[in-house]
Structures are given as C-alpha cells and as structure tokens.
file target27.pdb (PDB, C-alpha atoms and all ligand atoms)
ATOM      1  CA  MET A   1      73.218  47.454  33.340
ATOM      2  CA  ASP A   2      76.305  46.366  31.437
ATOM      3  CA  LEU A   3      75.104  43.539  29.228
ATOM      4  CA  GLN A   4      78.526  42.801  27.805
ATOM      5  CA  SER A   5      79.786  41.682  31.168
ATOM      6  CA  SER A   6      76.571  40.427  32.663
ATOM      7  CA  THR A   7      77.622  37.812  35.143
ATOM      8  CA  GLN A   8      75.375  37.021  38.035
ATOM      9  CA  ASP A   9      76.420  38.903  41.102
ATOM     10  CA  PRO A  10      75.364  36.931  44.171
ATOM     11  CA  LYS A  11      75.052  40.180  46.130
ATOM     12  CA  LYS A  12      72.662  41.620  43.579
ATOM     13  CA  THR A  13      68.972  41.254  44.354
ATOM     14  CA  GLU A  14      67.269  38.881  41.962
ATOM     15  CA  ASP A  15      64.307  40.187  40.022
ATOM     16  CA  ASN A  16      61.802  37.353  39.873
ATOM     17  CA  SER A  17      58.764  39.299  38.751
ATOM     18  CA  PRO A  18      56.746  37.623  35.964
ATOM     19  CA  ILE A  19      57.565  38.690  32.425
ATOM     20  CA  TYR A  20      55.107  38.578  29.540
ATOM     21  CA  VAL A  21      56.523  36.384  26.760
ATOM     22  CA  GLY A  22      53.693  35.851  24.297
ATOM     23  CA  ARG A  23      50.154  34.814  23.573
ATOM     24  CA  GLU A  24      48.637  31.465  24.395
ATOM     25  CA  GLU A  25      47.112  31.103  20.930
ATOM     26  CA  ASP A  26      50.545  31.508  19.340
ATOM     27  CA  ILE A  27      52.363  28.889  21.417
ATOM     28  CA  LYS A  28      49.512  26.453  20.941
ATOM     29  CA  LYS A  29      50.240  26.655  17.216
ATOM     30  CA  SER A  30      54.033  26.653  17.390
ATOM     31  CA  GLN A  31      54.321  24.313  20.456
ATOM     32  CA  ARG A  32      57.361  26.277  21.646
ATOM     33  CA  MET A  33      58.747  29.778  21.859
ATOM     34  CA  THR A  34      61.898  31.465  23.054
ATOM     35  CA  ALA A  35      62.184  34.586  25.186
ATOM     36  CA  ILE A  36      64.562  36.655  27.228
ATOM     37  CA  VAL A  37      63.348  36.973  30.792
ATOM     38  CA  HIS A  38      65.323  39.395  32.938
ATOM     39  CA  ASP A  39      68.318  38.948  30.657
ATOM     40  CA  ARG A  40      68.099  35.129  30.793
ATOM     41  CA  GLU A  41      67.327  33.095  27.697
ATOM     42  CA  VAL A  42      64.533  30.584  28.160
ATOM     43  CA  VAL A  43      62.510  28.235  26.013
ATOM     44  CA  ILE A  44      58.838  27.633  26.675
ATOM     45  CA  PHE A  45      57.230  24.388  25.506
ATOM     46  CA  TYR A  46      53.558  23.616  25.154
ATOM     47  CA  HIS A  47      53.293  19.838  25.355
ATOM     48  CA  LYS A  48      50.170  17.741  25.903
ATOM     49  CA  GLY A  49      48.241  20.652  27.326
ATOM     50  CA  GLU A  50      50.957  21.777  29.759
ATOM     51  CA  TYR A  51      53.491  24.585  29.711
ATOM     52  CA  HIS A  52      57.138  24.133  30.640
ATOM     53  CA  ALA A  53      59.916  26.710  30.712
ATOM     54  CA  MET A  54      63.642  26.103  31.144
ATOM     55  CA  ASP A  55      67.024  27.614  30.389
ATOM     56  CA  ILE A  56      67.508  27.489  26.650
ATOM     57  CA  ARG A  57      71.117  26.193  26.694
ATOM     58  CA  CYS A  58      71.650  22.545  27.618
ATOM     59  CA  TYR A  59      73.475  21.919  30.896
ATOM     60  CA  HIS A  60      75.923  19.553  29.185
ATOM     61  CA  SER A  61      77.676  21.860  26.715
ATOM     62  CA  GLY A  62      75.248  24.649  25.956
ATOM     63  CA  GLY A  63      73.274  22.975  23.148
ATOM     64  CA  PRO A  64      70.163  24.764  21.813
ATOM     65  CA  LEU A  65      67.262  22.991  23.496
ATOM     66  CA  HIS A  66      64.682  24.958  21.531
ATOM     67  CA  LEU A  67      65.777  22.932  18.483
ATOM     68  CA  GLY A  68      65.399  19.534  20.177
ATOM     69  CA  GLU A  69      62.623  16.959  19.878
ATOM     70  CA  ILE A  70      60.307  15.997  22.710
ATOM     71  CA  GLU A  71      60.112  12.261  23.441
ATOM     72  CA  ASP A  72      58.863  10.122  26.308
ATOM     73  CA  PHE A  73      61.360   8.071  28.293
ATOM     74  CA  ASP A  74      60.155   5.845  31.071
ATOM     75  CA  GLY A  75      56.814   7.649  30.861
ATOM     76  CA  ARG A  76      58.383  11.083  31.291
ATOM     77  CA  ALA A  77      58.290  13.776  28.622
ATOM     78  CA  CYS A  78      61.829  14.939  27.849
ATOM     79  CA  ILE A  79      63.488  17.398  25.537
ATOM     80  CA  VAL A  80      66.310  15.647  23.694
ATOM     81  CA  CYS A  81      69.232  17.967  23.132
ATOM     82  CA  PRO A  82      70.131  18.086  19.426
ATOM     83  CA  TRP A  83      73.870  18.139  20.105
ATOM     84  CA  HIS A  84      74.612  14.980  22.116
ATOM     85  CA  LYS A  85      71.103  13.621  22.750
ATOM     86  CA  TYR A  86      70.976  14.185  26.485
ATOM     87  CA  LYS A  87      67.447  13.750  27.815
ATOM     88  CA  ILE A  88      65.993  16.370  30.151
ATOM     89  CA  THR A  89      62.572  16.045  31.758
ATOM     90  CA  LEU A  90      60.279  18.921  30.891
ATOM     91  CA  SER A  91      58.592  19.082  34.272
ATOM     92  CA  THR A  92      61.630  18.950  36.589
ATOM     93  CA  GLY A  93      64.792  19.565  34.559
ATOM     94  CA  GLU A  94      66.282  16.209  35.576
ATOM     95  CA  GLY A  95      68.890  14.589  33.369
ATOM     96  CA  LEU A  96      67.912  10.993  32.559
ATOM     97  CA  TYR A  97      70.227   8.174  31.571
ATOM     98  CA  GLN A  98      70.049   4.443  31.126
ATOM     99  CA  ALA A  99      72.040   2.151  33.383
ATOM    100  CA  ILE A 100      72.674  -1.556  33.694
ATOM    101  CA  ASN A 101      73.801  -3.504  36.697
ATOM    102  CA  PRO A 102      77.414  -4.532  35.866
ATOM    103  CA  LYS A 103      77.038  -7.568  38.101
ATOM    104  CA  ASP A 104      74.087  -8.691  36.029
ATOM    105  CA  PRO A 105      74.828  -7.953  32.351
ATOM    106  CA  SER A 106      71.685  -9.784  31.297
ATOM    107  CA  ALA A 107      69.531  -7.354  33.220
ATOM    108  CA  GLU A 108      67.512  -4.793  31.309
ATOM    109  CA  ARG A 109      68.665  -1.221  31.201
ATOM    110  CA  LYS A 110      66.846   1.051  33.608
ATOM    111  CA  TRP A 111      66.183   4.748  33.337
ATOM    112  CA  CYS A 112      67.823   6.667  36.155
ATOM    113  CA  SER A 113      67.994  10.324  37.141
ATOM    114  CA  LYS A 114      71.130  12.415  37.551
ATOM    115  CA  GLY A 115      69.083  14.907  39.548
ATOM    116  CA  ILE A 116      68.037  18.394  38.494
ATOM    117  CA  LYS A 117      70.497  19.632  35.895
ATOM    118  CA  GLN A 118      68.503  22.120  33.855
ATOM    119  CA  ARG A 119      66.908  25.088  35.590
ATOM    120  CA  ILE A 120      63.190  25.217  35.030
ATOM    121  CA  HIS A 121      61.011  28.271  35.467
ATOM    122  CA  THR A 122      57.358  28.897  36.232
ATOM    123  CA  VAL A 123      54.833  29.551  33.480
ATOM    124  CA  THR A 124      51.611  31.390  34.268
ATOM    125  CA  VAL A 125      48.756  32.053  31.881
ATOM    126  CA  LYS A 126      46.375  34.945  32.494
ATOM    127  CA  ASN A 127      43.700  35.930  30.026
ATOM    128  CA  GLY A 128      45.477  34.224  27.150
ATOM    129  CA  ARG A 129      48.799  35.863  27.976
ATOM    130  CA  ILE A 130      51.842  33.810  28.964
ATOM    131  CA  TYR A 131      54.234  34.931  31.678
ATOM    132  CA  VAL A 132      57.482  33.379  32.882
ATOM    133  CA  THR A 133      58.820  33.768  36.390
ATOM    134  CA  LEU A 134      62.467  32.797  36.817
ATOM    135  CA  SER A 135      63.368  30.351  39.546
ATOM    136  CA  LYS A 136      65.673  31.788  42.186
ATOM    137  CA  THR A 137      69.306  31.068  41.435
ATOM    138  CA  SER A 138      70.153  32.054  44.993
ATOM    139  CA  GLU A 139      68.181  29.075  46.345
ATOM    140  CA  PHE A 140      70.116  26.350  44.556
ATOM    141  CA  LYS A 141      72.762  26.021  41.897
ATOM    142  CA  CYS A 142      72.019  24.234  38.680
ATOM    143  CA  ASP A 143      74.425  23.048  35.981
ATOM    144  CA  SER A 144      72.595  25.015  33.285
ATOM    145  CA  ASP A 145      73.419  28.273  35.115
ATOM    146  CA  PHE A 146      76.902  27.993  33.651
ATOM    147  CA  TYR A 147      75.611  28.573  30.110
ATOM    148  CA  ALA A 148      72.968  31.116  31.103
ATOM    149  CA  THR A 149      75.311  33.718  32.496
ATOM    150  CA  GLY A 150      78.586  35.480  31.893
ATOM    151  CA  GLN A 151      80.809  34.784  28.911
ATOM    152  CA  PHE A 152      78.838  31.676  27.922
ATOM    153  CA  LYS A 153      75.630  33.566  27.403
ATOM    154  CA  VAL A 154      75.105  33.380  23.668
ATOM    155  CA  ILE A 155      72.670  36.205  23.142
ATOM    156  CA  GLN A 156      74.059  39.488  24.403
ATOM    157  CA  ARG A 157      71.233  41.922  23.978
ATOM    158  CA  PRO A 158      68.929  43.876  26.207
ATOM    159  CA  SER A 159      65.557  42.441  27.084
ATOM    160  CA  THR A 160      62.824  43.809  24.875
ATOM    161  CA  LEU A 161      60.192  42.218  27.029
ATOM    162  CA  LYS A 162      58.903  44.412  29.784
ATOM    163  CA  LYS A 163      56.954  43.775  32.891
ATOM    164  CA  ASP A 164      53.250  43.787  32.213
ATOM    165  CA  PRO A 165      51.529  46.368  34.417
ATOM    166  CA  ASP A 166      48.262  44.453  33.973
ATOM    167  CA  PHE A 167      49.668  41.306  35.577
ATOM    168  CA  LYS A 168      48.456  40.669  39.079
ATOM    169  CA  ASN A 169      49.104  37.590  41.164
ATOM    170  CA  THR A 170      45.659  36.501  42.249
TER     171      THR A 170
HETATM  172 FE1  LIG A 201      73.238  19.057  25.053
HETATM  173 FE2  LIG A 201      75.607  17.974  24.832
HETATM  174  S1  LIG A 201      75.094  20.046  24.667
HETATM  175  S2  LIG A 201      73.735  16.997  25.099
END

call {"tool": "encode", "arguments": {"input": "target27.pdb", "output": "structure tokens"}}
result
Amino acid sequence: MDLQSSTQDPKKTEDNSPIYVGREEDIKKSQRMTAIVHDREVVIFYHKGEYHAMDIRCYHSGGPLHLGEIEDFDGRACIVCPWHKYKITLSTGEGLYQAINPKDPSAERKWCSKGIKQRIHTVTVKNGRIYVTLSKTSEFKCDSDFYATGQFKVIQRPSTLKKDPDFKNT
C-alpha cells in the first residue's frame, strides 16, 4: 500500500474489521486516546461511562478534535473543536449551532443540528480491550472524510495496530 498517496479508492474493498486500540483501564484514566485504524486517524473518548470514536480531524477545517473540551449543549455531550469552537455531538457526529428566528428577534436562541458532519465509528470492549470498527464510507459521505484521506491526511505513517486474532464477534 502506498501511504504517501493514500486516497480512498471507491473501487477498493473497505476493510471494516475491528482493530485493537488500547486497554480499558488506560482510557478510563486518560478519558481519551488516539489511534490509527486501517490507516484512518481516530480519537476515542470515554465520557460518562460511554465510549465514542470519531475521525480525529474536524469536518470544518481539519482541527485536532483530540485537543478539544467536552461540554453539554442542549443536553447533548459535544466535543468543542479547539480551532473555531464548532460543536460536534459525541454520539452521532452532528454539528450543532444556535439559531434565532429573524422574524422574532426577541425569541431565545435554539440549538439546531446541521446533520451528521463528523464520521463516528463503533467502539467495542472485550475483556478489557478496546476495539474500533470503522463505519463504511461507501454507505454515506461525511464532511470529515475530506480531512481523513488523501493530501489532507496529516499523519502519513503505516498502521502499527494490527488485527487482534483473539477478537471474536459474539
Ligand atoms: Fe474545527 Fe474550524 S477546524 S471548528
């Protein structure tokens, strides 16, 4: 595989097998970790007892989401991008924004969704070991794909994380 020119080829079969990324006891201490899963950079958060994984680069301009703060907006846990403060829900990857009704300037601002902007991935925990399974890029396009592939990919290095032969989907 040529990592220097690794763009996603739609004709290429996607590998969506789970990849071991670390130990549960470690992420419970650090609350977050980063990993390369099948040559895609992801960040994994442990927040209020739940795991969330998403593309590491923000859909807006490629900001480093692993350096952002987690805050609740409208009752939804979001990662706040450190670059321009975009808010992305941890559970769905939706971009949130506040809107007012221009015909009623006195009205309160309401939180609204732009839809799914950041690709999220599946986290599985087996025997204290954390695995990430990439969502299928062939099923839908997501804005964050732009910064996860091709010339915008920041980290150009081979994956050091290998498939775990002990992992079984049960
Ligand atoms: Fe994340 Fe702009 S790059 S908000």

call {"tool": "residues_near_ligand", "arguments": {"input": "target27.pdb", "ligand": "ligand LIG 201 (chain A)", "cutoff": "6 Å", "atoms": "only C-alpha atoms and all ligand atoms", "output": "list of chain:residue names"}}
result
A:Cys58, A:His60, A:Ser61, A:Gly62, A:Gly63, A:Cys81, A:Trp83, A:His84, A:Lys85, A:Tyr86

call {"tool": "closest_residue", "arguments": {"input": "target27.pdb", "among": "A:Lys141, A:Lys114, A:His38, A:Lys153", "to": "Pro64 of chain A", "atoms": "only C-alpha atoms"}}
result
A:Lys153

call {"tool": "closest_residue", "arguments": {"input": "target27.pdb", "among": "A:Cys112, A:His47, A:Ile120, A:Ile79", "to": "Ile100 of chain A", "atoms": "only C-alpha atoms"}}
result
A:Cys112

call {"tool": "closest_residue", "arguments": {"input": "target27.pdb", "among": "A:Val123, A:Ile36, A:Leu96, A:Ile56", "to": "Gly75 of chain A", "atoms": "only C-alpha atoms"}}
result
A:Leu96

call {"tool": "atom_distance", "arguments": {"input": "target27.pdb", "atom1": "atom CA of His66 of chain A", "atom2": "atom CA of Pro82 of chain A"}}
result
9.0 Å

call {"tool": "closest_residue", "arguments": {"input": "target27.pdb", "among": "A:Phe152, A:Lys126, A:Ser144, A:Glu71", "to": "Ile19 of chain A", "atoms": "all atoms listed in the file"}}
result
A:Lys126

call {"tool": "closest_residue", "arguments": {"input": "target27.pdb", "among": "A:Arg119, A:Arg57, A:Lys136, A:Arg109", "to": "Thr34 of chain A", "atoms": "all atoms listed in the file"}}
result
A:Arg57
